[in-house]
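These notes concern the structure reproduced below.
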There are 2 protein chains.
Amino acid sequence: MNPADLFAHQSDTLNLAPGETLFRQGDAGDAMFVVLEGTLQVLVGDKVVENATRGAIIGEMALIDPAPRNATVVAVAAARLVKVDQRRFHFLIQQNPFFATHVMKELVERLRAMNKILAAAAV
Amino acid sequence: MNPADLFAHQSDTLNLAPGETLFRQGDAGDAMFVVLEGTLQVLVGDKVVENATRGAIIGEMALIDPAPRNATVVAVAAARLVKVDQRRFHFLIQQNPFFATHVMKELVERLRAMNKILAAAAV
């Protein structure tokens, strides 16, 4: 199952044109986003750490542990996303273990990617 | 609430002496650990990325997304831990939204720490 399927019938979506910015590193964050269509680049500083496509979740860190956005996210291809606020996020986690597990998997994949970058750089 | 409280009545615990290794980067991983007492150092390569104390969860990445251990974990002070296998981990996530949220918080804190290291190194 792709998490985008959870929002298949969502009519209220956010559409970005190529080159449009979803949010910037340092912005205050009060919502996460699920990618329904398109591709977005996730940048930490000027380093691309992820290419987000259908089913990817973006910005959930600010909901799990409130703090300014950790990355800048820019659409590289026309993108359609669903915005999920704090209340809905916790509802999804409590009602849907699949969603909770998926959020964890995404975080782990990011950690592994960061570890590889660190190892390669032998920081 | 501290996640260690979930295991307050656990009799079957794992005890490590100072200097003892819990697992090494590259090891196969089939369980996570919750720290009940003591302090452990989490190392990626030779870089200390975390000091784990009471309530910290260790090694959950291997349960969320099976792959070899990403870090080496060594007790720096006598430590007592609870071992949680795959089955129990998923039971905890499904039965206890607090536990699921806590696992997410830990992962997010690690990502933020990695981002800081990367930013400082301007990799």
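Convention: chains lettered A, B, ... in structure tokens order; per-chain residue numbering from 1; ligands numbered from 1 as shown.
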Residues of chain A within 10 Å of chain B, only C-alpha atoms counted, as a ChimeraX atom specification: /A:44-47,60-67,70-71,90-91,93-98,100-112,114-123
Picked from region 27-123 of chain A by DSSP as strand (DSSP E or B), as a ChimeraX atom specification: /A:31-44,47-52,57-58,72-85
Kindly export the residues of the current selection with C-alpha atoms, as a CSV table (one decimal), in the first residue's frame.
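Saved file again-v8.csv follows:
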```csv
chain,number,residue,atom,x,y,z
A,31,ALA,CA,2.0,20.8,8.9
A,32,MET,CA,3.3,17.9,6.9
A,33,PHE,CA,2.6,16.9,3.2
A,34,VAL,CA,2.0,13.7,1.4
A,35,VAL,CA,3.1,13.7,-2.3
A,36,LEU,CA,0.3,12.5,-4.6
A,37,GLU,CA,2.0,13.3,-7.9
A,38,GLY,CA,5.2,14.9,-9.1
A,39,THR,CA,8.7,15.1,-7.8
A,40,LEU,CA,10.2,17.4,-5.2
A,41,GLN,CA,13.8,17.9,-4.2
A,42,VAL,CA,14.6,18.1,-0.4
A,43,LEU,CA,17.7,20.2,0.3
A,44,VAL,CA,19.7,20.6,3.5
A,47,LYS,CA,22.8,19.5,-0.7
A,48,VAL,CA,20.0,17.4,-2.2
A,49,VAL,CA,19.2,14.7,0.4
A,50,GLU,CA,16.1,13.3,-1.1
A,51,ASN,CA,13.9,13.2,-4.2
A,52,ALA,CA,10.3,12.9,-3.0
A,57,ILE,CA,5.9,12.4,3.3
A,58,ILE,CA,7.5,15.8,3.7
A,72,THR,CA,14.1,23.4,1.8
A,73,VAL,CA,11.7,21.6,-0.5
A,74,VAL,CA,11.3,22.6,-4.2
A,75,ALA,CA,9.1,21.0,-6.9
A,76,VAL,CA,11.3,19.8,-9.8
A,77,ALA,CA,8.2,18.5,-11.7
A,78,ALA,CA,4.6,19.7,-11.3
A,79,ALA,CA,3.5,18.3,-8.0
A,80,ARG,CA,0.2,17.7,-6.2
A,81,LEU,CA,0.3,17.3,-2.4
A,82,VAL,CA,-2.1,16.8,0.6
A,83,LYS,CA,-1.5,19.0,3.6
A,84,VAL,CA,-1.8,17.2,7.0
A,85,ASP,CA,-2.0,19.3,10.2
```
Separation of CA of Ala113 (chain A) from CA of Gln25 (chain B) in Å: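 These atoms are spaced 15.0 Å apart.
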Straight-line distance linking CA of Asp30 (chain B) with CA of Leu92 (chain B), stated in Å to one decimal: 15.9 Å
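Computed from the coordinates, the CA of Arg24 (chain B) to CA of Pro68 (chain B) distance equals 9.2 Å.
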Picked from region 3-121 of chain B by DSSP as alpha helix (DSSP H), as a ChimeraX atom specification: /B:61-64,86-95,97-121
Selected residue, from B:Ala17, B:Ala8, B:Leu22, B:Ala28, that lies nearest to Arg69 (chain B) when counting only C-alpha atoms: B:Ala28
